[in-house]
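J.: Below is model-v5.txt; it holds compact mmCIF, C-alpha atoms.
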# COMPACT_ATOMS: atom_id res chain seq x y z
CA MET A 1 -101.98 -75.23 -81.46
CA SER A 2 -99.61 -78.14 -81.50
CA VAL A 3 -98.09 -79.35 -84.75
CA ILE A 4 -96.65 -82.57 -83.36
CA GLN A 5 -98.32 -84.76 -80.78
CA CYS A 6 -97.04 -88.08 -79.66
CA GLU A 7 -98.42 -90.34 -77.00
CA ASP A 8 -96.65 -93.39 -75.64
CA LEU A 9 -94.59 -93.63 -78.81
CA SER A 10 -92.06 -96.45 -79.18
CA LYS A 11 -89.75 -97.61 -81.94
CA SER A 12 -87.68 -100.75 -81.77
CA PHE A 13 -84.99 -102.05 -84.07
CA GLY A 14 -84.90 -105.76 -83.25
CA LYS A 15 -84.35 -105.95 -79.51
CA ILE A 16 -83.10 -102.39 -79.23
CA LYS A 17 -85.61 -99.78 -78.13
CA ALA A 18 -84.59 -96.52 -79.82
CA ILE A 19 -87.69 -94.64 -78.65
CA ASP A 20 -89.30 -95.85 -75.45
CA HIS A 21 -92.82 -94.70 -74.47
CA LEU A 22 -92.27 -91.08 -75.43
CA SER A 23 -95.04 -88.51 -75.07
CA LEU A 24 -94.71 -84.89 -76.11
CA GLU A 25 -96.23 -81.96 -77.96
CA ILE A 26 -94.53 -79.36 -80.08
CA GLU A 27 -96.34 -76.10 -80.61
CA GLU A 28 -96.77 -74.24 -83.85
CA ASN A 29 -94.24 -71.62 -84.93
CA LYS A 30 -91.70 -72.31 -82.23
CA ILE A 31 -88.03 -73.09 -82.71
CA THR A 32 -87.23 -76.16 -80.64
CA GLY A 33 -83.80 -77.64 -80.02
CA LEU A 34 -83.68 -81.43 -79.76
CA ILE A 35 -80.76 -82.32 -77.54
CA GLY A 36 -79.43 -85.67 -76.40
CA ARG A 37 -76.27 -87.72 -76.16
CA ASN A 38 -75.14 -90.01 -78.95
CA GLY A 39 -77.65 -92.82 -79.36
CA ALA A 40 -80.37 -91.05 -77.35
CA GLY A 41 -82.88 -91.51 -80.17
CA LYS A 42 -82.87 -88.03 -81.73
CA THR A 43 -82.61 -89.11 -85.36
CA THR A 44 -85.12 -91.96 -84.92
CA LEU A 45 -87.66 -89.55 -83.45
CA LEU A 46 -87.13 -86.99 -86.23
CA LYS A 47 -87.39 -89.64 -88.94
CA MET A 48 -90.70 -90.85 -87.51
CA ILE A 49 -92.01 -87.27 -87.40
CA ALA A 50 -90.96 -86.76 -91.02
CA GLY A 51 -92.69 -90.01 -92.00
CA TYR A 52 -89.53 -91.94 -92.95
CA LEU A 53 -89.97 -94.55 -90.23
CA LYS A 54 -93.08 -96.29 -88.96
CA PRO A 55 -93.61 -96.30 -85.19
CA THR A 56 -93.61 -99.73 -83.51
CA SER A 57 -96.36 -98.72 -81.10
CA GLY A 58 -98.06 -95.66 -79.69
CA GLU A 59 -99.56 -92.67 -81.43
CA LEU A 60 -97.84 -89.99 -83.48
CA LYS A 61 -99.71 -87.13 -85.16
CA VAL A 62 -98.16 -84.43 -87.32
CA PHE A 63 -100.64 -81.80 -88.51
CA SER A 64 -103.24 -84.15 -86.96
CA LYS A 65 -102.30 -86.99 -89.32
CA GLU A 66 -100.11 -90.05 -89.04
CA PRO A 67 -96.97 -89.01 -90.90
CA PHE A 68 -95.97 -92.43 -92.28
CA ASN A 69 -97.13 -92.75 -95.90
CA SER A 70 -98.94 -89.41 -95.71
CA LEU A 71 -98.62 -87.13 -98.72
CA GLY A 72 -100.12 -84.23 -96.80
CA VAL A 73 -97.49 -84.41 -94.06
CA SER A 74 -94.70 -84.96 -96.56
CA ALA A 75 -95.69 -81.89 -98.61
CA ASN A 76 -95.60 -79.72 -95.50
CA THR A 77 -92.44 -81.13 -93.97
CA MET A 78 -88.79 -80.57 -94.82
CA PHE A 79 -86.25 -82.94 -93.33
CA VAL A 80 -82.61 -82.02 -93.74
CA ASP A 81 -79.74 -84.21 -92.64
CA ASP A 82 -76.29 -85.06 -93.95
CA THR A 83 -77.45 -88.10 -95.92
CA LEU A 84 -79.65 -86.28 -98.44
CA ALA A 85 -78.84 -88.10 -101.67
CA PHE A 86 -79.09 -86.55 -105.12
CA SER A 87 -78.43 -88.08 -108.51
CA ASP A 88 -74.86 -87.60 -109.71
CA SER A 89 -76.12 -86.39 -113.08
CA MET A 90 -77.53 -83.28 -111.42
CA THR A 91 -75.50 -80.16 -110.77
CA LEU A 92 -76.17 -77.96 -107.75
CA VAL A 93 -78.19 -75.52 -109.82
CA ASP A 94 -80.24 -78.42 -111.26
CA ILE A 95 -81.03 -79.55 -107.73
CA LEU A 96 -82.27 -76.11 -106.71
CA SER A 97 -84.53 -75.80 -109.72
CA ASN A 98 -85.88 -79.35 -109.39
CA VAL A 99 -86.54 -79.17 -105.66
CA ALA A 100 -88.51 -75.93 -105.98
CA PRO A 101 -91.78 -77.30 -107.50
CA PHE A 102 -92.20 -79.72 -104.57
CA TYR A 103 -92.59 -76.91 -102.04
CA VAL A 104 -95.36 -74.33 -102.45
CA ASN A 105 -93.66 -71.73 -100.28
CA TRP A 106 -90.24 -72.12 -101.95
CA ASN A 107 -88.39 -68.80 -101.91
CA SER A 108 -86.15 -68.87 -104.98
CA SER A 109 -84.62 -65.44 -104.44
CA LEU A 110 -83.53 -66.46 -100.95
CA ALA A 111 -82.16 -69.76 -102.29
CA SER A 112 -80.09 -68.08 -104.99
CA GLY A 113 -79.04 -65.31 -102.60
CA LEU A 114 -77.63 -67.84 -100.13
CA PHE A 115 -76.15 -69.90 -102.98
CA ASP A 116 -74.19 -66.88 -104.25
CA TYR A 117 -73.27 -65.74 -100.75
CA TYR A 118 -71.58 -69.08 -100.03
CA SER A 119 -69.91 -68.93 -103.49
CA PHE A 120 -71.07 -72.34 -104.70
CA ASN A 121 -70.15 -73.42 -108.19
CA PRO A 122 -73.48 -73.94 -109.99
CA ASN A 123 -72.12 -76.72 -112.20
CA GLN A 124 -70.66 -78.88 -109.47
CA PRO A 125 -72.29 -82.23 -108.68
CA HIS A 126 -73.57 -82.65 -105.10
CA SER A 127 -71.43 -85.73 -104.44
CA ASN A 128 -68.22 -83.75 -105.04
CA LEU A 129 -68.90 -81.33 -102.21
CA SER A 130 -66.87 -81.52 -99.02
CA LYS A 131 -68.65 -82.56 -95.84
CA GLY A 132 -69.05 -78.95 -94.65
CA SER A 133 -70.12 -77.66 -98.06
CA LYS A 134 -72.72 -80.43 -98.32
CA SER A 135 -74.20 -79.36 -94.99
CA THR A 136 -74.15 -75.74 -96.12
CA PHE A 137 -75.90 -76.54 -99.40
CA ASN A 138 -78.49 -78.71 -97.64
CA SER A 139 -79.19 -75.90 -95.19
CA ILE A 140 -80.12 -73.66 -98.14
CA LEU A 141 -82.75 -76.24 -99.15
CA GLY A 142 -84.01 -76.34 -95.57
CA ILE A 143 -84.39 -72.58 -95.22
CA ALA A 144 -85.65 -71.73 -98.71
CA SER A 145 -88.35 -74.43 -98.70
CA ARG A 146 -90.17 -72.49 -95.94
CA CYS A 147 -92.06 -75.63 -94.93
CA PRO A 148 -94.60 -75.29 -92.11
CA LEU A 149 -92.57 -77.98 -90.35
CA THR A 150 -88.83 -77.76 -90.96
CA ILE A 151 -86.53 -80.31 -89.36
CA PHE A 152 -82.75 -80.08 -89.29
CA ASP A 153 -80.92 -83.15 -88.02
CA GLU A 154 -77.39 -82.11 -87.03
CA PRO A 155 -77.38 -79.40 -89.71
CA THR A 156 -73.98 -77.93 -88.86
CA THR A 157 -71.90 -81.13 -89.17
CA GLY A 158 -68.62 -80.18 -90.80
CA MET A 159 -69.44 -76.47 -91.15
CA ASP A 160 -66.73 -74.09 -89.99
CA SER A 161 -67.67 -71.68 -87.24
CA ALA A 162 -68.25 -68.71 -89.59
CA VAL A 163 -70.71 -70.71 -91.70
CA ARG A 164 -72.44 -72.05 -88.60
CA LYS A 165 -73.03 -68.50 -87.36
CA ASP A 166 -74.28 -67.46 -90.80
CA PHE A 167 -76.63 -70.44 -90.91
CA TYR A 168 -78.17 -69.67 -87.51
CA ARG A 169 -78.60 -66.02 -88.42
CA ALA A 170 -80.07 -66.78 -91.85
CA LEU A 171 -82.50 -69.25 -90.29
CA LEU A 172 -83.58 -66.79 -87.59
CA LYS A 173 -83.99 -63.89 -90.03
CA ASP A 174 -86.14 -65.94 -92.37
CA TYR A 175 -88.12 -67.30 -89.42
CA LEU A 176 -88.88 -63.72 -88.28
CA GLU A 177 -90.11 -62.90 -91.76
CA TYR A 178 -91.95 -66.17 -92.24
CA PRO A 179 -92.68 -67.92 -88.91
CA ARG A 180 -92.91 -71.70 -88.96
CA THR A 181 -92.27 -74.69 -86.74
CA ILE A 182 -88.58 -75.56 -86.69
CA ILE A 183 -86.80 -78.42 -84.94
CA LEU A 184 -83.00 -78.46 -84.78
CA SER A 185 -81.06 -81.35 -83.36
CA SER A 186 -77.54 -80.66 -82.29
CA HIS A 187 -74.76 -81.44 -79.89
CA LEU A 188 -73.66 -77.84 -79.76
CA LEU A 189 -76.41 -76.37 -77.64
CA SER A 190 -74.32 -73.41 -76.51
CA GLU A 191 -74.03 -71.94 -79.99
CA LEU A 192 -77.68 -72.25 -80.94
CA GLU A 193 -79.51 -71.73 -77.66
CA GLU A 194 -79.93 -68.01 -78.36
CA ILE A 195 -82.20 -68.62 -81.33
CA LEU A 196 -84.21 -71.38 -79.62
CA GLU A 197 -87.43 -70.91 -77.73
CA ASP A 198 -87.80 -74.43 -76.33
CA ILE A 199 -85.48 -77.28 -75.54
CA LEU A 200 -86.40 -80.94 -75.68
CA LEU A 201 -83.83 -83.12 -73.95
CA ILE A 202 -84.14 -86.84 -74.58
CA ASN A 203 -82.22 -89.67 -73.03
CA HIS A 204 -82.48 -93.43 -73.75
CA GLY A 205 -85.43 -92.79 -76.04
CA THR A 206 -87.54 -91.00 -73.45
CA LYS A 207 -88.22 -87.38 -72.69
CA HIS A 208 -86.02 -86.00 -69.97
CA LEU A 209 -86.96 -82.33 -70.09
CA HIS A 210 -89.13 -80.15 -72.28
CA LEU A 211 -89.04 -76.50 -71.29
CA SER A 212 -88.15 -73.05 -72.52
CA VAL A 213 -84.49 -72.08 -72.84
CA MET A 214 -85.10 -69.38 -70.25
CA GLU A 215 -86.32 -71.98 -67.74
CA LEU A 216 -83.37 -74.25 -68.48
CA LYS A 217 -80.98 -71.35 -67.87
CA ASP A 218 -82.61 -70.79 -64.49
CA LEU A 219 -82.61 -74.43 -63.50
CA ALA A 220 -79.23 -74.77 -61.85
CA VAL A 221 -76.20 -72.95 -60.45
CA GLY A 222 -72.70 -74.07 -59.71
CA ILE A 223 -71.00 -73.41 -56.39
CA ARG A 224 -67.25 -73.71 -56.04
CA GLY A 225 -65.00 -73.55 -53.03
CA ASN A 226 -64.01 -75.17 -49.80
CA ALA A 227 -65.88 -78.42 -49.16
CA GLN A 228 -66.51 -77.70 -45.49
CA ALA A 229 -67.94 -74.25 -46.13
CA MET A 230 -70.12 -75.79 -48.82
CA GLN A 231 -71.55 -78.45 -46.54
CA SER A 232 -74.09 -76.28 -44.73
CA PHE A 233 -75.60 -75.08 -48.00
CA VAL A 234 -75.89 -78.33 -49.89
CA ALA A 235 -76.50 -80.86 -47.10
CA GLY A 236 -79.70 -82.81 -47.70
CA LYS A 237 -80.23 -81.26 -51.13
CA GLU A 238 -80.17 -83.14 -54.40
CA ILE A 239 -76.81 -82.66 -56.09
CA ILE A 240 -76.93 -82.72 -59.88
CA TYR A 241 -73.20 -82.93 -60.35
CA GLN A 242 -70.11 -82.88 -58.20
CA GLU A 243 -66.45 -82.61 -59.00
CA ASP A 244 -63.62 -82.70 -56.49
CA PHE A 245 -60.53 -80.59 -56.87
CA ALA A 246 -57.26 -80.56 -55.01
CA GLN A 247 -57.00 -79.37 -51.38
CA GLY A 248 -60.56 -79.95 -50.26
CA SER A 249 -62.01 -77.73 -52.94
CA VAL A 250 -65.19 -78.89 -54.61
CA TYR A 251 -67.58 -77.85 -57.38
CA VAL A 252 -71.26 -78.66 -56.95
CA VAL A 253 -74.19 -78.12 -59.31
CA ILE A 254 -77.51 -77.75 -57.57
CA ARG A 255 -81.05 -76.65 -58.44
CA ARG A 256 -81.14 -72.88 -58.38
CA LYS A 257 -84.41 -72.58 -56.48
CA LEU A 258 -82.93 -74.53 -53.54
CA VAL A 259 -80.27 -71.91 -52.88
CA GLN A 260 -81.80 -68.84 -54.57
CA GLU A 261 -82.26 -66.96 -51.29
CA GLN A 262 -78.77 -67.77 -50.02
CA PHE A 263 -76.52 -66.37 -52.74
CA GLU A 264 -75.32 -63.56 -50.52
CA GLN A 265 -74.48 -65.86 -47.59
CA ILE A 266 -72.75 -68.28 -49.96
CA ARG A 267 -70.52 -65.49 -51.27
CA GLN A 268 -69.80 -64.22 -47.78
CA ARG A 269 -68.46 -67.66 -46.90
CA GLY A 270 -65.89 -67.22 -49.65
CA LEU A 271 -67.66 -69.55 -52.08
CA GLU A 272 -68.21 -68.68 -55.71
CA VAL A 273 -71.62 -68.85 -57.35
CA LEU A 274 -71.22 -69.63 -61.04
CA PRO A 275 -73.58 -70.00 -63.99
CA VAL A 276 -73.83 -73.49 -65.48
CA SER A 277 -73.78 -73.60 -69.26
CA THR A 278 -76.78 -75.30 -70.82
CA ASP A 279 -74.39 -77.68 -72.58
CA ASP A 280 -72.84 -78.86 -69.32
CA LEU A 281 -76.20 -79.02 -67.57
CA CYS A 282 -77.68 -81.28 -70.25
CA VAL A 283 -74.66 -83.58 -69.94
CA TYR A 284 -74.97 -83.70 -66.13
CA LEU A 285 -78.71 -84.37 -66.31
CA THR A 286 -78.32 -87.26 -68.72
CA ALA A 287 -75.12 -88.72 -67.30
CA THR A 288 -75.04 -92.41 -68.09
CA THR A 289 -71.42 -93.02 -67.31
CA LYS A 290 -70.34 -93.58 -63.76
CA GLY A 291 -68.22 -90.71 -62.52
CA GLY A 292 -66.22 -88.71 -65.00
CA ILE A 293 -63.53 -89.40 -67.56
CA ASP A 294 -60.92 -88.91 -64.84
CA ASP A 295 -62.11 -92.01 -63.00
CA VAL A 296 -61.14 -94.20 -65.94
CA PHE A 297 -57.55 -93.12 -65.49
CA LYS A 298 -57.62 -93.55 -61.70
CA ARG A 299 -58.56 -97.22 -62.05
CA SER A 300 -55.83 -98.15 -64.50
CA MET B 1 -73.51 -54.70 -77.43
CA ILE B 2 -72.36 -58.27 -77.27
CA LEU B 3 -74.60 -60.61 -75.30
CA THR B 4 -72.95 -63.21 -73.16
CA THR B 5 -74.50 -66.58 -72.50
CA ASP B 6 -72.07 -67.53 -69.75
CA SER B 7 -73.12 -64.75 -67.42
CA MET B 8 -75.28 -65.17 -64.33
CA LYS B 9 -77.61 -62.69 -66.01
CA PRO B 10 -80.17 -64.28 -68.31
CA LEU B 11 -80.27 -63.02 -71.88
CA TYR B 12 -83.62 -61.28 -71.44
CA VAL B 13 -82.26 -59.30 -68.48
CA GLN B 14 -79.30 -58.25 -70.62
CA ILE B 15 -81.76 -57.08 -73.29
CA ALA B 16 -83.76 -55.10 -70.71
CA GLU B 17 -80.58 -53.49 -69.38
CA TRP B 18 -79.40 -52.61 -72.87
CA LEU B 19 -82.75 -50.92 -73.57
CA GLU B 20 -82.48 -49.03 -70.26
CA GLY B 21 -79.06 -47.86 -71.41
CA GLU B 22 -80.55 -46.63 -74.69
CA ILE B 23 -83.13 -44.64 -72.71
CA LEU B 24 -80.48 -43.27 -70.31
CA ASN B 25 -78.26 -41.96 -73.09
CA GLU B 26 -81.35 -40.67 -74.90
CA ASN B 27 -80.95 -42.75 -78.04
CA ILE B 28 -84.61 -43.47 -77.41
CA ARG B 29 -86.45 -40.59 -75.78
CA GLU B 30 -89.51 -40.55 -73.58
CA GLU B 31 -92.80 -40.98 -75.48
CA GLU B 32 -90.89 -42.48 -78.41
CA ARG B 33 -91.51 -45.97 -79.69
CA ILE B 34 -89.09 -48.61 -78.42
CA TYR B 35 -87.81 -51.53 -80.53
CA SER B 36 -90.26 -54.36 -81.12
CA GLN B 37 -89.48 -57.93 -80.08
CA TYR B 38 -88.85 -58.76 -83.74
CA GLN B 39 -86.43 -55.87 -84.24
CA LEU B 40 -84.54 -56.89 -81.11
CA ALA B 41 -84.50 -60.54 -82.23
CA GLU B 42 -83.01 -59.46 -85.55
CA MET B 43 -80.48 -57.09 -83.98
CA PHE B 44 -79.10 -59.59 -81.49
CA THR B 45 -79.84 -62.90 -83.29
CA ILE B 46 -82.02 -64.14 -80.47
CA ASN B 47 -85.39 -65.84 -80.33
CA PRO B 48 -88.23 -63.28 -80.37
CA ALA B 49 -89.68 -64.89 -77.21
CA THR B 50 -86.49 -63.95 -75.35
CA ALA B 51 -86.71 -60.38 -76.66
CA ALA B 52 -90.38 -60.20 -75.64
CA LYS B 53 -89.49 -61.24 -72.10
CA GLY B 54 -86.92 -58.45 -71.93
CA LEU B 55 -89.53 -55.92 -73.06
CA ASN B 56 -92.06 -57.30 -70.56
CA LEU B 57 -89.55 -56.77 -67.79
CA LEU B 58 -89.54 -53.06 -68.65
CA ALA B 59 -93.33 -53.02 -68.99
CA ASP B 60 -93.67 -54.56 -65.50
CA GLU B 61 -91.70 -51.63 -64.11
CA ALA B 62 -93.73 -49.19 -66.21
CA ILE B 63 -90.57 -48.00 -67.98
CA VAL B 64 -92.42 -48.70 -71.22
CA TYR B 65 -96.14 -48.92 -71.87
CA LYS B 66 -98.26 -50.54 -74.55
CA LYS B 67 -100.25 -48.54 -77.05
CA ARG B 68 -102.83 -50.85 -78.50
CA GLY B 69 -101.91 -51.75 -82.07
CA LEU B 70 -98.93 -49.40 -82.11
CA GLY B 71 -96.35 -51.19 -79.98
CA MET B 72 -94.43 -50.22 -76.87
CA PHE B 73 -93.48 -46.65 -75.97
CA VAL B 74 -91.09 -45.16 -73.43
CA SER B 75 -92.99 -43.81 -70.43
CA PRO B 76 -92.66 -40.18 -69.33
CA ASN B 77 -90.11 -39.98 -66.49
CA ALA B 78 -88.64 -43.34 -67.54
CA LYS B 79 -85.12 -41.91 -67.52
CA GLN B 80 -85.43 -40.57 -63.99
CA PHE B 81 -86.91 -43.86 -62.83
CA ILE B 82 -84.02 -45.86 -64.31
CA LEU B 83 -81.47 -43.49 -62.76
CA THR B 84 -83.02 -43.84 -59.31
CA LYS B 85 -83.33 -47.60 -59.64
CA ARG B 86 -79.75 -48.07 -60.80
CA ARG B 87 -78.40 -45.84 -58.05
CA SER B 88 -80.11 -47.74 -55.28
CA LEU B 89 -79.99 -51.28 -56.67
CA ILE B 90 -77.04 -51.68 -58.97
CA LEU B 91 -74.65 -49.20 -57.43
CA GLY B 92 -75.67 -50.45 -53.99
CA GLN B 93 -74.86 -54.03 -54.96
CA MET B 94 -71.54 -53.02 -56.53
CA ILE B 95 -70.54 -51.18 -53.37
CA LYS B 96 -71.46 -54.20 -51.26
CA GLU B 97 -69.19 -56.35 -53.41
CA LEU B 98 -66.48 -53.70 -53.33
CA VAL B 99 -66.52 -53.59 -49.54
CA MET B 100 -66.50 -57.39 -49.34
CA GLU B 101 -63.52 -57.65 -51.68
CA ALA B 102 -61.71 -54.88 -49.77
CA ASN B 103 -62.21 -56.77 -46.52
CA ARG B 104 -60.91 -59.93 -48.11
CA LEU B 105 -57.79 -58.06 -49.26
CA ASP B 106 -57.33 -56.25 -45.92
CA VAL B 107 -57.87 -52.82 -47.42
CA SER B 108 -58.85 -50.33 -44.71
CA GLU B 109 -61.80 -47.96 -45.04
CA SER B 110 -59.60 -44.88 -45.46
CA GLU B 111 -57.45 -46.69 -48.02
CA LEU B 112 -60.60 -47.63 -49.96
CA ASN B 113 -61.86 -44.03 -49.87
CA ARG B 114 -58.51 -42.81 -51.07
CA MET B 115 -58.64 -45.27 -54.00
CA ILE B 116 -62.11 -44.06 -55.00
CA GLN B 117 -61.00 -40.45 -54.90
CA GLN B 118 -57.93 -41.32 -56.94
CA VAL B 119 -60.08 -42.78 -59.71
CA ARG B 120 -62.42 -39.79 -59.68
CA LYS B 121 -59.43 -37.46 -59.93
CA GLU B 122 -58.02 -39.39 -62.90
CA ASN B 123 -61.40 -39.07 -64.59
CA GLY B 124 -61.19 -35.32 -64.06
CA GLU B 125 -64.14 -35.18 -61.69
CA GLY B 126 -62.16 -33.43 -58.94
CA GLN B 127 -62.60 -34.06 -55.25
CA LEU B 128 -65.82 -33.96 -53.36
Rewrite the structure of this file - the entire thing - as structure tokens.

T.:
Amino acid sequence: MSVIQCEDLSKSFGKIKAIDHLSLEIEENKITGLIGRNGAGKTTLLKMIAGYLKPTSGELKVFSKEPFNSLGVSANTMFVDDTLAFSDSMTLVDILSNVAPFYVNWNSSLASGLFDYYSFNPNQPHSNLSKGSKSTFNSILGIASRCPLTIFDEPTTGMDSAVRKDFYRALLKDYLEYPRTIILSSHLLSELEEILEDILLINHGTKHLHLSVMELKDLAVGIRGNAQAMQSFVAGKEIIYQEDFAQGSVYVVIRRKLVQEQFEQIRQRGLEVLPVSTDDLCVYLTATTKGGIDDVFKRS
Amino acid sequence: MILTTDSMKPLYVQIAEWLEGEILNENIREEERIYSQYQLAEMFTINPATAAKGLNLLADEAIVYKKRGLGMFVSPNAKQFILTKRRSLILGQMIKELVMEANRLDVSESELNRMIQQVRKENGEGQL
């Protein structure tokens, strides 16, 4: 069953199209990573799903209802980002106790367990928290609410690497105990890909890829070595990315299935076959800039 | 075990190989229940779908089998099967790479044999 369905969805801000004829489905009880470059439309899409923004055109259904102005969707959805605003008169412990009644599945023992684990001061106001601590506190709300649809928009902004690891593990553990549909948007695909099942890559407001992490991992390989030796293997094939090094050495990223049978021959020619990190691959696939950063310096 | 995401080996293959290792060193014996996808997901902080694919890899090779409603169990003779498979496939591949690297470095066949025997001696396995 799919929790989110959108068909030909668009959202414009004035003349700018943030989401451009996007169609997709997200299935129940999967953890999906929403990946895209800055300005790709990630936050706009998530805010429409959560019912914060009204689509300009197209159809969007969450739990089979239009999310905008829907109490039903709002009661079953948790949206966590770094702009969650709370009244300054409330302390952290006030926030936890006041948020709880809004969510039927709220797990107060988990919330207080995480709160103590991160050593928060119960009497501190939310606005006094540092950037990383704010993200950490908000992530507690996101996990403990146990909403059927839980959305995290850049949840790890400002967190140090220890807290990020703890957050991913806490989220996964609670998901195993209480499965639900989770969407995480992030720039740091490499550190969260292990807990994801699916990846949705968007670019310029449209869907670029939607597949399982396992399929993404198998999508491409890198080959490095002498350009001449490389030629016979990559000639006529679509090259996803290419980088030239000194002395005729070159690095090429190519679809794995095109060279799958030739790994042995490639190695025998003295070329290296290397894995491509999902992070790099997503950047190559959505490259909008011409060439690489090095070219900027060549021109000047 | 620490899983690596920058290896040519997908995560689910690493999970399958780790489980094979557990069977080889008899941490899990034949006819015993093997970890569930959820236990593996918890142990390694990975998505349960990835863990399930690792288990399915073993099921495809009949190293484990499903008991309806009870989970996956280690097949009889699983250990022997893994040993045979690793000897022919993995060791075979390693030797191929070893020979290729030796050729690249101009190491002669007798020199290579001598190096292998040296390592075996240091490990106290004596000479063949």

J.: If you count all atoms listed in the file, which residues fall within 12 Å of range 73-88 of chain B, apart from same-chain ones fewer than 5 positions away, as an MDAnalysis selection string?

T.: chainID B and resid 16:36 55 58:68 93:96

J.: Pick out the chain A residues within 8 Å of chain B. Count only C-alpha atoms. Give them as number ranges by chain.

T.: A: 169, 172-173, 176, 190, 194-197, 214, 217-218, 268, 274-277

J.: Just give me the gap between CA of Glu215 in chain A and CA of Asp279 in chain A in Å, one decimal is fine.

T.: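 The value is 14.1 Å.
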
J.: So how many Å separate CA of Arg120 in chain B and CA of Gly92 in chain B, to one decimal?

T.: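 A separation of 17.9 Å between them.
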
J.: May I ask which of the residues A:Val99, A:Phe233, A:Phe297, A:Ala85 is the closest one to Glu261 in chain A, counting only C-alpha atoms?

T.: A:Phe233

J.: Figure out the distance between CA of Thr157 in chain A and CA of Thr91 in chain A, please, to one decimal in Å.

T.: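 Taking CA of Thr91 in chain A as the start and CA of Thr157 in chain A as the end point, the length is 21.9 Å.
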
J.: Can you work out which one of A:Gly225, A:Gly33, A:Pro67, A:Gly205 has the shortest atom-to-atom distance to Ser12 in chain A, counting only C-alpha atoms?

T.: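 Closest to Ser12 in chain A of all the choices is A:Gly205.
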
J.: Please, could N, CA and C atoms be added to range 18-33 of chain B and the result written as a short mmCIF file (atom, residue, chain, number, x, y, z; two decimals), keeping the file's coordinate frame?

T.:
data_model
loop_
_atom_site.label_atom_id
_atom_site.label_comp_id
_atom_site.auth_asym_id
_atom_site.auth_seq_id
_atom_site.Cartn_x
_atom_site.Cartn_y
_atom_site.Cartn_z
N TRP B 18 -79.88 -53.34 -71.70
CA TRP B 18 -79.40 -52.61 -72.87
C TRP B 18 -80.41 -51.53 -73.26
N LEU B 19 -81.70 -51.89 -73.23
CA LEU B 19 -82.75 -50.92 -73.57
C LEU B 19 -82.76 -49.77 -72.56
N GLU B 20 -82.57 -50.08 -71.29
CA GLU B 20 -82.48 -49.03 -70.26
C GLU B 20 -81.33 -48.08 -70.58
N GLY B 21 -80.21 -48.67 -71.02
CA GLY B 21 -79.06 -47.86 -71.41
C GLY B 21 -79.41 -46.93 -72.56
N GLU B 22 -80.14 -47.44 -73.55
CA GLU B 22 -80.55 -46.63 -74.69
C GLU B 22 -81.45 -45.47 -74.26
N ILE B 23 -82.25 -45.71 -73.22
CA ILE B 23 -83.13 -44.64 -72.71
C ILE B 23 -82.29 -43.63 -71.92
N LEU B 24 -81.34 -44.15 -71.12
CA LEU B 24 -80.48 -43.27 -70.31
C LEU B 24 -79.67 -42.32 -71.18
N ASN B 25 -79.07 -42.86 -72.26
CA ASN B 25 -78.26 -41.96 -73.09
C ASN B 25 -79.09 -41.29 -74.19
N GLU B 26 -80.39 -41.39 -74.05
CA GLU B 26 -81.35 -40.67 -74.90
C GLU B 26 -81.28 -41.03 -76.38
N ASN B 27 -80.80 -42.25 -76.67
CA ASN B 27 -80.95 -42.75 -78.04
C ASN B 27 -82.42 -43.01 -78.34
N ILE B 28 -83.16 -43.39 -77.30
CA ILE B 28 -84.61 -43.47 -77.41
C ILE B 28 -85.15 -42.54 -76.34
N ARG B 29 -85.96 -41.56 -76.75
CA ARG B 29 -86.45 -40.59 -75.78
C ARG B 29 -87.82 -40.98 -75.25
N GLU B 30 -88.19 -40.29 -74.18
CA GLU B 30 -89.51 -40.55 -73.58
C GLU B 30 -90.61 -40.26 -74.60
N GLU B 31 -91.66 -41.06 -74.56
CA GLU B 31 -92.80 -40.98 -75.48
C GLU B 31 -92.45 -41.42 -76.91
N GLU B 32 -91.22 -41.92 -77.10
CA GLU B 32 -90.89 -42.48 -78.41
C GLU B 32 -91.13 -43.98 -78.40
N ARG B 33 -91.27 -44.54 -79.60
CA ARG B 33 -91.51 -45.97 -79.69
C ARG B 33 -90.19 -46.73 -79.46
#
